[in-house]
$ cat start.cif   # mmCIF, C-alpha atoms and all ligand atoms
data_run
#
loop_
_atom_site.label_atom_id
_atom_site.label_comp_id
_atom_site.auth_asym_id
_atom_site.auth_seq_id
_atom_site.Cartn_x
_atom_site.Cartn_y
_atom_site.Cartn_z
CA MET K 3 4.91 -8.44 -25.15
CA VAL K 4 7.35 -5.58 -25.69
CA HIS K 5 7.31 -2.85 -23.04
CA THR K 6 9.01 0.04 -24.81
CA HIS K 7 9.12 2.12 -21.65
CA LEU K 8 10.98 -0.58 -19.68
CA SER K 9 14.63 -1.59 -19.77
CA GLU K 10 15.54 -5.19 -20.59
CA GLU K 11 16.12 -5.92 -16.91
CA GLU K 12 12.79 -4.34 -15.96
CA SER K 13 10.96 -6.31 -18.66
CA LEU K 14 12.47 -9.52 -17.32
CA LEU K 15 11.38 -8.63 -13.80
CA LYS K 16 7.86 -7.88 -15.06
CA SER K 17 7.57 -11.18 -16.87
CA THR K 18 9.03 -13.21 -13.97
CA VAL K 19 6.66 -11.72 -11.39
CA GLY K 20 3.84 -11.67 -13.96
CA GLU K 21 4.17 -15.44 -14.43
CA PHE K 22 4.17 -15.91 -10.68
CA ALA K 23 1.01 -13.77 -10.47
CA ASP K 24 -0.72 -15.79 -13.22
CA GLN K 25 0.34 -19.24 -12.07
CA VAL K 26 0.41 -18.88 -8.28
CA LEU K 27 -1.30 -15.76 -6.93
CA ALA K 28 -4.36 -15.48 -9.18
CA PRO K 29 -5.55 -19.11 -8.79
CA ARG K 30 -5.47 -18.75 -4.99
CA ALA K 31 -6.96 -15.26 -4.73
CA ALA K 32 -10.66 -16.19 -4.56
CA ASP K 33 -10.11 -18.73 -1.77
CA TYR K 34 -8.03 -16.33 0.28
CA ASP K 35 -10.65 -13.63 -0.22
CA LYS K 36 -13.39 -16.00 0.93
CA SER K 37 -11.57 -17.30 4.00
CA GLY K 38 -9.94 -14.00 4.92
CA GLU K 39 -6.92 -16.09 5.92
CA PHE K 40 -3.52 -14.35 5.83
CA PRO K 41 -1.86 -15.63 2.64
CA TRP K 42 1.29 -17.02 4.24
CA SER K 43 2.06 -19.25 1.26
CA ASN K 44 2.04 -16.24 -1.10
CA ILE K 45 4.28 -14.30 1.27
CA ARG K 46 6.77 -17.18 1.62
CA GLU K 47 6.95 -17.73 -2.14
CA LEU K 48 7.36 -14.02 -2.88
CA ALA K 49 10.13 -13.95 -0.29
CA ASP K 50 11.78 -16.94 -2.01
CA LEU K 51 11.74 -14.88 -5.23
CA GLY K 52 13.63 -12.18 -3.31
CA MET K 53 10.79 -9.66 -3.58
CA PHE K 54 10.77 -8.60 0.07
CA GLY K 55 14.36 -7.44 -0.29
CA LEU K 56 13.80 -5.73 -3.63
CA THR K 57 14.49 -2.14 -2.53
CA ILE K 58 16.69 -3.06 0.42
CA LYS K 59 20.39 -2.36 0.23
CA GLU K 60 22.60 -5.37 -0.43
CA GLU K 61 24.47 -4.92 2.87
CA TYR K 62 21.17 -5.62 4.68
CA GLY K 63 20.24 -8.64 2.61
CA GLY K 64 18.35 -7.04 -0.27
CA SER K 65 19.02 -6.50 -3.94
CA GLY K 66 19.22 -2.69 -3.93
CA GLY K 67 16.44 -2.27 -6.50
CA THR K 68 14.77 0.94 -7.65
CA SER K 69 11.38 2.50 -7.13
CA ARG K 70 10.61 1.66 -10.78
CA GLN K 71 11.31 -2.00 -10.05
CA LEU K 72 9.04 -1.85 -7.01
CA SER K 73 6.31 -0.32 -9.20
CA ILE K 74 6.62 -3.21 -11.64
CA VAL K 75 6.47 -5.83 -8.90
CA ALA K 76 3.62 -4.16 -6.97
CA GLU K 77 1.54 -3.95 -10.15
CA GLU K 78 2.08 -7.60 -11.06
CA VAL K 79 1.44 -8.86 -7.52
CA ALA K 80 -1.76 -6.77 -7.35
CA ARG K 81 -2.86 -8.10 -10.72
CA GLY K 82 -2.71 -11.60 -9.21
CA CYS K 83 -3.92 -10.83 -5.67
CA ALA K 84 -4.63 -7.31 -4.42
CA ALA K 85 -4.65 -8.36 -0.76
CA THR K 86 -1.14 -9.82 -1.07
CA SER K 87 0.08 -6.57 -2.63
CA THR K 88 -1.31 -4.56 0.32
CA ILE K 89 0.61 -6.77 2.75
CA TYR K 90 3.74 -6.48 0.61
CA ILE K 91 3.59 -2.68 0.29
CA ALA K 92 2.88 -2.04 4.00
CA HIS K 93 5.75 -4.33 4.94
CA LEU K 94 8.35 -3.14 2.43
CA SER K 95 7.62 0.41 1.41
CA LEU K 96 6.23 1.65 4.74
CA CYS K 97 7.82 -0.28 7.60
CA THR K 98 11.12 -1.56 6.19
CA ARG K 99 11.86 1.54 4.10
CA PHE K 100 11.28 3.74 7.17
CA ILE K 101 13.94 1.81 9.06
CA GLN K 102 16.27 1.79 6.04
CA LEU K 103 15.98 5.57 5.63
CA PHE K 104 16.03 6.72 9.24
CA GLY K 105 17.31 3.86 11.43
CA THR K 106 20.74 3.76 13.06
CA ILE K 107 23.23 1.25 11.68
CA GLU K 108 22.52 -0.90 14.71
CA GLN K 109 18.74 -0.79 14.09
CA LYS K 110 19.20 -1.60 10.40
CA ARG K 111 21.47 -4.55 11.16
CA ARG K 112 19.11 -5.85 13.77
CA PHE K 113 15.80 -5.58 11.92
CA ILE K 114 16.24 -5.27 8.16
CA PRO K 115 17.87 -8.61 7.20
CA HIS K 116 14.90 -10.47 8.73
CA LEU K 117 12.34 -8.10 7.18
CA ALA K 118 14.05 -8.41 3.78
CA LYS K 119 13.34 -12.17 3.83
CA ALA K 120 9.88 -11.79 5.39
CA GLU K 121 11.13 -13.91 8.31
CA THR K 122 9.55 -11.19 10.37
CA ILE K 123 6.57 -9.10 9.23
CA GLY K 124 6.53 -5.34 9.58
CA ALA K 125 3.69 -2.86 10.15
CA PHE K 126 3.40 0.91 10.07
CA ALA K 127 1.16 2.57 12.67
CA LEU K 128 0.12 6.15 12.02
CA THR K 129 -3.71 6.27 11.91
CA GLU K 130 -5.79 6.59 15.08
CA PRO K 131 -9.54 6.49 15.71
CA ASP K 132 -9.62 10.30 15.93
CA SER K 133 -6.73 11.11 13.62
CA GLY K 134 -6.60 9.94 9.99
CA SER K 135 -6.16 12.51 7.23
CA ASP K 136 -5.17 15.06 9.88
CA ALA K 137 -2.32 12.86 11.08
CA ALA K 138 -0.60 15.68 12.98
CA SER K 139 -3.52 15.73 15.44
CA MET K 140 -2.54 12.28 16.78
CA SER K 141 -2.85 11.64 20.49
CA THR K 142 -0.68 8.54 20.98
CA SER K 143 1.80 9.96 23.44
CA LEU K 144 5.41 9.50 24.39
CA THR K 145 5.83 10.82 27.91
CA GLN K 146 8.79 10.94 30.24
CA ALA K 147 8.74 10.49 34.00
CA ASN K 148 11.65 9.70 36.35
CA GLY K 149 14.02 9.39 33.41
CA LYS K 150 11.84 6.74 31.71
CA TYR K 151 9.65 7.01 28.63
CA ARG K 152 6.25 5.38 28.19
CA LEU K 153 4.04 5.01 25.12
CA ASP K 154 0.25 5.25 25.45
CA GLY K 155 -2.51 5.38 22.87
CA THR K 156 -4.42 3.48 20.21
CA LYS K 157 -3.69 3.08 16.51
CA HIS K 158 -6.26 1.50 14.23
CA PHE K 159 -6.65 0.10 10.71
CA ILE K 160 -3.05 -1.13 10.87
CA THR K 161 -2.20 -3.49 8.02
CA ASN K 162 -0.18 -6.60 9.02
CA ALA K 163 -0.53 -5.78 12.74
CA GLU K 164 -1.73 -9.28 13.65
CA GLU K 165 1.31 -10.95 12.08
CA ALA K 166 3.88 -8.21 12.66
CA THR K 167 6.69 -8.45 15.16
CA VAL K 168 8.15 -5.06 14.18
CA PHE K 169 6.08 -1.86 14.26
CA VAL K 170 7.08 1.60 13.12
CA VAL K 171 4.95 3.82 15.36
CA LEU K 172 4.35 7.57 15.29
CA ALA K 173 3.69 9.30 18.62
CA THR K 174 3.65 12.83 19.97
CA HIS K 175 5.71 14.10 22.91
CA ASP K 176 3.92 17.48 22.77
CA ARG K 177 0.60 17.88 20.93
CA SER K 178 0.83 21.67 20.98
CA LEU K 179 3.83 21.42 18.65
CA ARG K 180 1.69 19.56 16.05
CA THR K 181 4.04 18.15 13.37
CA LYS K 182 7.19 19.20 15.25
CA GLY K 183 6.17 17.27 18.37
CA ILE K 184 6.00 13.89 16.61
CA ASP K 185 8.59 11.13 17.02
CA ALA K 186 9.03 7.86 15.14
CA LEU K 187 9.74 4.69 17.11
CA ILE K 188 10.46 1.02 16.46
CA ILE K 189 8.35 -1.06 18.79
CA GLN K 190 8.57 -4.84 19.00
CA ARG K 191 5.55 -7.06 19.36
CA ASP K 192 6.62 -8.51 22.72
CA THR K 193 6.85 -5.08 24.37
CA PRO K 194 4.87 -5.17 27.66
CA GLY K 195 1.62 -3.22 27.37
CA LEU K 196 1.17 -3.80 23.61
CA THR K 197 -2.00 -5.55 22.46
CA VAL K 198 -3.37 -6.19 18.99
CA ASN K 199 -7.14 -6.45 18.36
CA PRO K 200 -8.15 -7.67 14.89
CA GLN K 201 -10.65 -5.51 12.97
CA HIS K 202 -12.95 -7.69 10.86
CA GLY K 203 -15.51 -7.00 8.14
CA LYS K 204 -13.47 -5.34 5.41
CA MET K 205 -15.18 -4.83 2.06
CA GLY K 206 -12.17 -5.96 0.04
CA ILE K 207 -8.49 -6.99 0.28
CA ARG K 208 -9.87 -9.42 2.83
CA ALA K 209 -6.82 -11.66 3.06
CA SER K 210 -4.77 -8.75 4.33
CA SER K 211 -5.08 -8.32 8.07
CA THR K 212 -6.10 -5.05 9.67
CA ALA K 213 -6.03 -4.42 13.41
CA GLU K 214 -6.12 -1.99 16.26
CA VAL K 215 -2.86 -1.69 18.21
CA VAL K 216 -3.07 -0.51 21.82
CA PHE K 217 -0.07 0.80 23.74
CA ASP K 218 -0.69 0.89 27.47
CA GLY K 219 2.34 2.23 29.26
CA CYS K 220 4.78 0.48 26.91
CA PRO K 221 8.32 1.12 28.14
CA VAL K 222 10.43 2.94 25.55
CA THR K 223 14.13 3.77 25.59
CA GLU K 224 16.39 5.82 23.32
CA GLU K 225 17.08 2.56 21.45
CA ASN K 226 13.48 2.61 20.14
CA ARG K 227 13.88 6.04 18.55
CA LEU K 228 13.81 6.12 14.75
CA GLY K 229 15.49 9.36 13.75
CA PRO K 230 15.80 12.51 15.85
CA GLU K 231 13.21 13.76 18.33
CA GLY K 232 10.52 15.89 16.67
CA LYS K 233 11.36 14.72 13.14
CA GLY K 234 8.94 11.81 12.99
CA PHE K 235 6.26 13.58 10.99
CA GLN K 236 8.69 14.82 8.35
CA GLU K 237 10.17 11.32 8.05
CA CYS K 238 6.71 9.85 7.82
CA MET K 239 5.71 12.14 4.94
CA GLU K 240 8.87 11.20 3.03
CA VAL K 241 8.10 7.51 3.46
CA LEU K 242 4.45 7.99 2.47
CA ASN K 243 5.40 9.95 -0.66
CA GLY K 244 7.45 6.98 -1.87
CA SER K 245 4.92 4.40 -0.83
CA ARG K 246 2.13 6.17 -2.71
CA ILE K 247 3.92 5.23 -5.92
CA ALA K 248 3.70 1.57 -4.86
CA ILE K 249 -0.01 1.95 -4.04
CA ALA K 250 -0.58 3.63 -7.42
CA SER K 251 1.11 0.59 -8.99
CA GLN K 252 -1.24 -1.66 -7.02
CA CYS K 253 -4.12 0.32 -8.58
CA VAL K 254 -2.78 -0.27 -12.09
CA GLY K 255 -2.53 -4.00 -11.34
CA ILE K 256 -6.14 -4.15 -10.11
CA ALA K 257 -7.31 -2.18 -13.16
CA GLN K 258 -5.36 -4.44 -15.53
CA ALA K 259 -6.87 -7.57 -13.99
CA ALA K 260 -10.40 -6.12 -14.34
CA TYR K 261 -9.74 -5.07 -17.94
CA ASP K 262 -8.34 -8.52 -18.85
CA ALA K 263 -11.43 -10.17 -17.33
CA ALA K 264 -13.73 -7.81 -19.26
CA ILE K 265 -12.00 -8.58 -22.57
CA ALA K 266 -12.17 -12.34 -21.99
CA TYR K 267 -15.84 -12.23 -21.02
CA SER K 268 -16.82 -9.93 -23.89
CA LYS K 269 -15.30 -12.38 -26.38
CA GLN K 270 -17.25 -15.27 -24.97
CA ARG K 271 -20.69 -13.89 -24.00
CA GLU K 272 -23.35 -13.75 -26.71
CA VAL K 273 -26.33 -11.38 -26.60
CA PHE K 274 -28.78 -10.63 -29.39
CA GLY K 275 -26.99 -13.20 -31.56
CA LYS K 276 -23.58 -11.52 -31.35
CA ARG K 277 -20.65 -11.64 -29.00
CA LEU K 278 -20.42 -8.63 -26.64
CA SER K 279 -17.04 -7.77 -28.14
CA GLU K 280 -18.74 -7.18 -31.50
CA PHE K 281 -20.78 -4.27 -30.17
CA GLN K 282 -19.19 -0.89 -30.65
CA ASN K 283 -20.30 0.16 -27.18
CA THR K 284 -18.18 -2.61 -25.64
CA GLN K 285 -15.25 -1.91 -27.95
CA TRP K 286 -15.24 1.79 -27.10
CA ASP K 287 -15.59 1.05 -23.39
CA LEU K 288 -12.54 -1.18 -23.57
CA ALA K 289 -10.66 1.36 -25.67
CA ASN K 290 -11.28 3.95 -22.95
CA LEU K 291 -10.20 1.56 -20.19
CA ALA K 292 -7.02 0.60 -22.08
CA THR K 293 -6.17 4.29 -22.51
CA ASN K 294 -6.78 5.10 -18.84
CA ILE K 295 -4.69 2.16 -17.64
CA MET K 296 -1.79 3.06 -19.89
CA ALA K 297 -1.94 6.72 -18.77
CA ALA K 298 -1.97 5.69 -15.10
CA ARG K 299 0.90 3.23 -15.59
CA LEU K 300 3.07 5.78 -17.36
CA LEU K 301 2.40 8.39 -14.68
CA VAL K 302 3.41 5.83 -12.05
CA TYR K 303 6.66 5.12 -13.92
CA HIS K 304 7.26 8.84 -14.27
CA ALA K 305 6.89 9.40 -10.50
CA ALA K 306 9.16 6.41 -9.78
CA THR K 307 11.75 7.63 -12.28
CA LEU K 308 11.84 11.05 -10.59
CA MET K 309 12.23 9.38 -7.21
CA ASP K 310 15.05 7.16 -8.45
CA ALA K 311 16.80 10.19 -9.96
CA GLY K 312 16.67 12.09 -6.65
CA GLN K 313 14.38 14.75 -8.19
CA PRO K 314 11.37 16.25 -6.35
CA TYR K 315 8.57 13.75 -6.82
CA ALA K 316 6.00 14.19 -4.02
CA GLU K 317 3.36 15.95 -6.12
CA THR K 318 3.85 13.58 -9.05
CA ALA K 319 3.47 10.63 -6.64
CA SER K 320 0.19 12.15 -5.40
CA MET K 321 -0.98 12.66 -9.00
CA ALA K 322 -0.12 9.04 -9.77
CA LYS K 323 -2.06 7.79 -6.76
CA LEU K 324 -5.02 10.09 -7.43
CA LEU K 325 -5.29 9.04 -11.08
CA ALA K 326 -4.47 5.36 -10.66
CA SER K 327 -6.92 4.82 -7.79
CA ARG K 328 -9.70 6.42 -9.87
CA VAL K 329 -8.75 4.23 -12.83
CA ALA K 330 -8.82 1.12 -10.60
CA VAL K 331 -12.28 1.91 -9.26
CA GLU K 332 -13.70 2.92 -12.66
CA THR K 333 -12.20 -0.04 -14.49
CA ALA K 334 -13.47 -2.53 -11.92
CA ASN K 335 -16.91 -0.91 -12.11
CA ARG K 336 -16.99 -1.00 -15.91
CA ALA K 337 -15.63 -4.55 -16.07
CA LEU K 338 -18.36 -5.70 -13.68
CA GLN K 339 -21.00 -3.96 -15.83
CA ILE K 340 -19.72 -5.81 -18.91
CA HIS K 341 -20.24 -9.07 -17.02
CA GLY K 342 -23.88 -8.25 -16.28
CA GLY K 343 -25.53 -10.20 -13.45
CA ILE K 344 -22.83 -12.84 -13.13
CA GLY K 345 -20.36 -10.06 -12.30
CA TYR K 346 -22.36 -9.34 -9.17
CA PHE K 347 -21.68 -12.85 -7.85
CA ALA K 348 -18.62 -14.33 -6.20
CA PRO K 349 -16.38 -15.86 -7.24
CA THR K 350 -16.17 -13.90 -10.48
CA ILE K 351 -12.93 -12.00 -10.40
CA VAL K 352 -14.67 -8.69 -11.15
CA GLU K 353 -16.86 -8.98 -8.05
CA ARG K 354 -13.68 -9.22 -5.95
CA LEU K 355 -11.77 -6.53 -7.84
CA TYR K 356 -14.69 -4.11 -7.47
CA ARG K 357 -14.42 -4.54 -3.68
CA ASP K 358 -10.61 -4.54 -3.66
CA ALA K 359 -10.31 -1.35 -5.71
CA LYS K 360 -12.23 0.99 -3.42
CA VAL K 361 -9.72 1.10 -0.58
CA THR K 362 -7.08 2.58 -2.87
CA GLU K 363 -9.03 5.87 -2.85
CA ILE K 364 -8.87 5.87 0.95
CA TYR K 365 -5.61 4.55 2.38
CA GLU K 366 -2.13 6.07 2.29
CA GLY K 367 -3.85 9.45 1.95
CA SER K 368 -7.35 9.63 0.52
CA SER K 369 -7.99 11.17 -2.90
CA GLU K 370 -8.94 14.41 -1.12
CA VAL K 371 -5.55 14.42 0.64
CA GLN K 372 -3.76 13.82 -2.68
CA ARG K 373 -5.61 16.83 -4.13
CA MET K 374 -4.47 18.89 -1.13
CA ILE K 375 -0.83 17.93 -1.80
CA ILE K 376 -1.12 18.68 -5.52
CA SER K 377 -2.88 22.02 -4.81
CA ARG K 378 -0.12 23.00 -2.39
CA GLY K 379 2.32 22.53 -5.26
CA ILE K 380 0.20 24.82 -7.44
CA PHE K 381 -0.75 27.54 -4.96
CA GLY K 382 1.77 27.09 -2.13
CA ASP K 383 0.60 27.10 1.51
CA VAL K 384 -2.31 29.57 1.19
C1 LIG K 401 -7.87 -1.47 4.80
C2 LIG K 401 -7.12 -0.33 5.38
C3 LIG K 401 -5.78 -0.48 5.71
C4 LIG K 401 -5.09 0.58 6.29
N1 LIG K 401 -3.76 0.39 6.65
C5 LIG K 401 -3.14 1.36 7.40
C6 LIG K 401 -1.81 1.14 7.91
O1 LIG K 401 -1.18 0.10 7.67
N2 LIG K 401 -1.27 2.09 8.68
C7 LIG K 401 -1.91 3.27 8.98
O2 LIG K 401 -1.37 4.09 9.72
N3 LIG K 401 -3.16 3.51 8.47
C8 LIG K 401 -3.79 2.59 7.70
N4 LIG K 401 -5.05 2.82 7.20
C9 LIG K 401 -5.71 4.08 7.51
C10 LIG K 401 -5.91 5.02 6.33
O3 LIG K 401 -4.68 5.54 5.91
C11 LIG K 401 -6.94 6.08 6.75
O4 LIG K 401 -8.18 5.43 6.83
C12 LIG K 401 -6.98 7.25 5.80
O5 LIG K 401 -5.80 8.02 5.89
C13 LIG K 401 -8.19 8.17 6.06
O6 LIG K 401 -8.29 8.51 7.41
P1 LIG K 401 -9.70 8.32 8.15
O7 LIG K 401 -10.19 6.94 7.89
O8 LIG K 401 -9.52 8.71 9.57
O9 LIG K 401 -10.67 9.31 7.43
P2 LIG K 401 -10.87 10.92 7.78
O10 LIG K 401 -9.55 11.57 7.90
O11 LIG K 401 -11.80 10.97 8.95
O12 LIG K 401 -11.59 11.39 6.48
C14 LIG K 401 -12.98 11.19 6.22
C15 LIG K 401 -13.29 11.79 4.84
O13 LIG K 401 -13.03 13.18 4.86
C16 LIG K 401 -12.14 13.51 3.79
N5 LIG K 401 -11.31 14.65 4.19
C17 LIG K 401 -10.37 14.68 5.18
N6 LIG K 401 -9.81 15.89 5.24
C18 LIG K 401 -10.40 16.65 4.27
C19 LIG K 401 -10.23 17.99 3.82
N7 LIG K 401 -9.36 18.81 4.40
N8 LIG K 401 -11.00 18.43 2.81
C20 LIG K 401 -11.91 17.60 2.22
N9 LIG K 401 -12.10 16.33 2.60
C21 LIG K 401 -11.36 15.85 3.61
C22 LIG K 401 -11.32 12.25 3.58
O14 LIG K 401 -10.74 12.25 2.31
C23 LIG K 401 -12.40 11.20 3.73
O15 LIG K 401 -13.14 11.12 2.53
C24 LIG K 401 -5.74 1.80 6.56
C25 LIG K 401 -7.09 1.96 6.20
C26 LIG K 401 -7.78 0.93 5.62
C27 LIG K 401 -9.22 1.13 5.26
#
$ encode --input "start.cif" --output "structure tokens"
Amino acid sequence: MVHTHLSEEESLLKSTVGEFADQVLAPRAADYDKSGEFPWSNIRELADLGMFGLTIKEEYGGSGGTSRQLSIVAEEVARGCAATSTIYIAHLSLCTRFIQLFGTIEQKRRFIPHLAKAETIGAFALTEPDSGSDAASMSTSLTQANGKYRLDGTKHFITNAEEATVFVVLATHDRSLRTKGIDALIIQRDTPGLTVNPQHGKMGIRASSTAEVVFDGCPVTEENRLGPEGKGFQECMEVLNGSRIAIASQCVGIAQAAYDAAIAYSKQREVFGKRLSEFQNTQWDLANLATNIMAARLLVYHAATLMDAGQPYAETASMAKLLASRVAVETANRALQIHGGIGYFAPTIVERLYRDAKVTEIYEGSSEVQRMIISRGIFGDV
């Protein structure tokens, strides 16, 4: 297939990872979903393909790729296995990118080469039980006494936390300062006082792990600091803006997988003496889905292109995530409807995609938060 909007190199990347998704990820996805087991084999094989170093600078063991390339890879991985793409994005575009952007040379040398090969797994811990969309209201605290710092508090819903040995953690040294009181830290798994409690029962992306992370008097030194004091929130928003493009790509991948399943089923299922694909209702449904998916994909590429060019891209990234997550949810819903009753049963792919899609309207900033960001661009801070 010719992708007119992609360069030759990008097309090659898409077909290489696409083949991997078709041949390796997709056949395993139902079993991983059922068992909820962390898909180590997928992670190892993606690492062997060099995908965990995709956007990492060469000097730290990566291939120095672009945001557009990450969009291509995240879409294809999600098309094969949405849970694997969640793990991949949290690791690379949240945790590792944070360290690459704001770490000292020493921190980058110490952590990134291992993260870039997925020899160690990374997590990003912002959300708390009482602080989600309003992230600046966090209560995880960094306090100083007798010349020593300690970290106390609870983060929850943290992707990869069970497997991670490296955590990027956001904490406040002064809640009254709101965003200006927040610091970013690198915390290692073996830090005394750190415990991880798995959170079970997710609706979808079940093979990705999600956990609570408790910090109880964890000792922290200046070496743990990621960027200057009081700049953590600003850094965090920059990282999230970029990562939202990867999540939007994940949405396009989920939508594409649901659409492909709907086409295949409609060509095979006969009702009232005709195949479903012969009914105009089905054809028009699929025409609408194809249009939505293409629009979402092109908006994702547009946001990534702006980011790669060093242009302002935050609002476009939010638009991409807002649109693409809606397209993922609507496409999965429509694809399930086209399957009729069988679509309601596991292990049809549409039953899984319907569950996988929903989270994309919630994490990395819910759709309401994306609308807030886009509105701020229109009206300013009113
Ligand atoms: C599977 C999964 C994995 C996750 N992984 C991570 C991770 O790795 N790291 C991490 O830090 N977090 C992670 N999260 C957390 C996720 O980012 C938050 O759940 C999300 O930001 C929403 O926060 P909340 O759940 O506290 O909802 P709330 O902030 O309590 O929001 C509840 C509802 O109110 C809406 N709302 C909020 N503010 C407004 C407003 N001003 N106007 C109108 N509506 C509003 C929200 O959109 C939402 O619909 C994960 C979540 C899930 C489900």
$ closest_residue --input "start.cif" --among "K:Phe104, K:Phe54, K:Tyr365, K:Tyr303" --to "ligand LIG 401 (chain K)" --atoms "all atoms listed in the file"
K:Tyr365
$ atom_distance --input "start.cif" --atom1 "CA of Ala250 (chain K)" --atom2 "CA of Met53 (chain K)"
17.9 Å
$ residues_near_ligand --input "start.cif" --ligand "ligand LIG 401 (chain K)" --cutoff "8 Å" --atoms "all atoms listed in the file" --output "NGL selection string"
:K and (92 or 125-137 or 157-163 or 204 or 206-207 or 210 or 212 or 361 or 364-371 or 374)
$ residues_around --input "start.cif" --residues "Tyr62 (chain K)" --least-positions-apart "5" --cutoff "12 Å" --atoms "all atoms listed in the file" --output "list in words"
Phe54, Gly55, Leu56, Thr57, Thr98, Arg99, Ile101, Gln102, Ile107, Glu108, Gln109, Lys110, Arg111, Arg112, Phe113, Ile114, Pro115, His116, Leu117, Ala118 and Lys119 of chain K
$ closest_residue --input "start.cif" --among "K:Val222, K:Gly183, K:Ala209, K:Ala311" --to "Ala147 (chain K)" --atoms "only C-alpha atoms"
K:Val222
$ closest_residue --input "start.cif" --among "K:Met205, K:Ser211, K:Val329, K:Leu14" --to "His93 (chain K)" --atoms "all atoms listed in the file"
K:Ser211
$ closest_residue --input "start.cif" --among "K:Tyr346, K:Phe217, K:Phe281, K:Phe381" --to "Asn199 (chain K)" --atoms "all atoms listed in the file"
K:Phe217
$ residues_near_point --input "start.cif" --point "(2.7, -2.1, 24.3)" --cutoff "7 Å" --atoms "all atoms listed in the file" --output "JSON, numbers by chain"
{"K": [193, 194, 195, 196, 197, 216, 217, 218, 219, 220]}
$ write_last_selection --input "start.cif" --atoms "C-alpha atoms" --output "short mmCIF file (atom, residue, chain, number, x, y, z; two decimals), in the frame of the given file"
data_model
loop_
_atom_site.label_atom_id
_atom_site.label_comp_id
_atom_site.auth_asym_id
_atom_site.auth_seq_id
_atom_site.Cartn_x
_atom_site.Cartn_y
_atom_site.Cartn_z
CA THR K 193 6.85 -5.08 24.37
CA PRO K 194 4.87 -5.17 27.66
CA GLY K 195 1.62 -3.22 27.37
CA LEU K 196 1.17 -3.80 23.61
CA THR K 197 -2.00 -5.55 22.46
CA VAL K 216 -3.07 -0.51 21.82
CA PHE K 217 -0.07 0.80 23.74
CA ASP K 218 -0.69 0.89 27.47
CA GLY K 219 2.34 2.23 29.26
CA CYS K 220 4.78 0.48 26.91
#
$ axis_aligned_box --input "start.cif" --around "region 272-291 of chain K" --padding-each-side "3 Å" --output "AutoDock Vina command-line options"
--center_x -19.5 --center_y -4.9 --center_z -25.9 --size_x 24.6 --size_y 23.7 --size_z 17.4
$ closest_residue --input "start.cif" --among "K:Leu8, K:Ala305, K:Ala257, K:Ile184" --to "Glu231 (chain K)" --atoms "only C-alpha atoms"
K:Ile184
$ closest_residue --input "start.cif" --among "K:Thr145, K:Asn335, K:Thr106, K:Gln201" --to "Ile351 (chain K)" --atoms "only C-alpha atoms"
K:Asn335
$ residues_near_point --input "start.cif" --point "(1.8, 5.6, 24.6)" --cutoff "6 Å" --atoms "all atoms listed in the file" --output "VMD selection string"
chain K and resid 142 to 144 152 to 155 217 219
$ write_last_selection --input "start.cif" --atoms "C-alpha atoms" --output "PDB file, in the coordinates of the input"
ATOM      1  CA  THR K 142      -0.680   8.540  20.980  1.00  0.00           C
ATOM      2  CA  SER K 143       1.800   9.960  23.440  1.00  0.00           C
ATOM      3  CA  LEU K 144       5.410   9.500  24.390  1.00  0.00           C
ATOM      4  CA  ARG K 152       6.250   5.380  28.190  1.00  0.00           C
ATOM      5  CA  LEU K 153       4.040   5.010  25.120  1.00  0.00           C
ATOM      6  CA  ASP K 154       0.250   5.250  25.450  1.00  0.00           C
ATOM      7  CA  GLY K 155      -2.510   5.380  22.870  1.00  0.00           C
ATOM      8  CA  PHE K 217      -0.070   0.800  23.740  1.00  0.00           C
ATOM      9  CA  GLY K 219       2.340   2.230  29.260  1.00  0.00           C
TER      10      GLY K 219
END
$ residues_around --input "start.cif" --residues "Thr223 (chain K)" --least-positions-apart "5" --cutoff "10 Å" --atoms "all atoms listed in the file" --output "list in words"
Gly149, Lys150, Tyr151, Arg152 and Leu187 of chain K
$ residues_around --input "start.cif" --residues "region 286-299 of chain K" --least-positions-apart "6" --cutoff "9 Å" --atoms "all atoms listed in the file" --output "list in words"
Ala250, Ser251, Cys253, Val254, Ala257, Gln258, Tyr261, Ala264, Ile265, Ala322, Lys323, Leu325, Ala326, Ser327, Val329, Ala330, Glu332, Thr333, Arg336 and Ala337 of chain K
$ build_atoms --input "start.cif" --residues "region 285-290 of chain K" --atoms "N, CA and C atoms" --output "PDB file, in the frame of the given file"
ATOM      1  N   GLN K 285     -16.598  -2.205 -27.417  1.00  0.00           N
ATOM      2  CA  GLN K 285     -15.250  -1.910 -27.950  1.00  0.00           C
ATOM      3  C   GLN K 285     -14.768  -0.549 -27.464  1.00  0.00           C
ATOM      4  N   TRP K 286     -15.666   0.442 -27.494  1.00  0.00           N
ATOM      5  CA  TRP K 286     -15.240   1.790 -27.100  1.00  0.00           C
ATOM      6  C   TRP K 286     -15.000   1.873 -25.589  1.00  0.00           C
ATOM      7  N   ASP K 287     -15.819   1.138 -24.843  1.00  0.00           N
ATOM      8  CA  ASP K 287     -15.590   1.050 -23.390  1.00  0.00           C
ATOM      9  C   ASP K 287     -14.178   0.530 -23.123  1.00  0.00           C
ATOM     10  N   LEU K 288     -13.848  -0.553 -23.805  1.00  0.00           N
ATOM     11  CA  LEU K 288     -12.540  -1.180 -23.570  1.00  0.00           C
ATOM     12  C   LEU K 288     -11.405  -0.302 -24.097  1.00  0.00           C
ATOM     13  N   ALA K 289     -11.682   0.428 -25.168  1.00  0.00           N
ATOM     14  CA  ALA K 289     -10.660   1.360 -25.670  1.00  0.00           C
ATOM     15  C   ALA K 289     -10.389   2.452 -24.626  1.00  0.00           C
ATOM     16  N   ASN K 290     -11.456   2.939 -23.994  1.00  0.00           N
ATOM     17  CA  ASN K 290     -11.280   3.950 -22.950  1.00  0.00           C
ATOM     18  C   ASN K 290     -10.509   3.383 -21.761  1.00  0.00           C
TER      19      ASN K 290
END
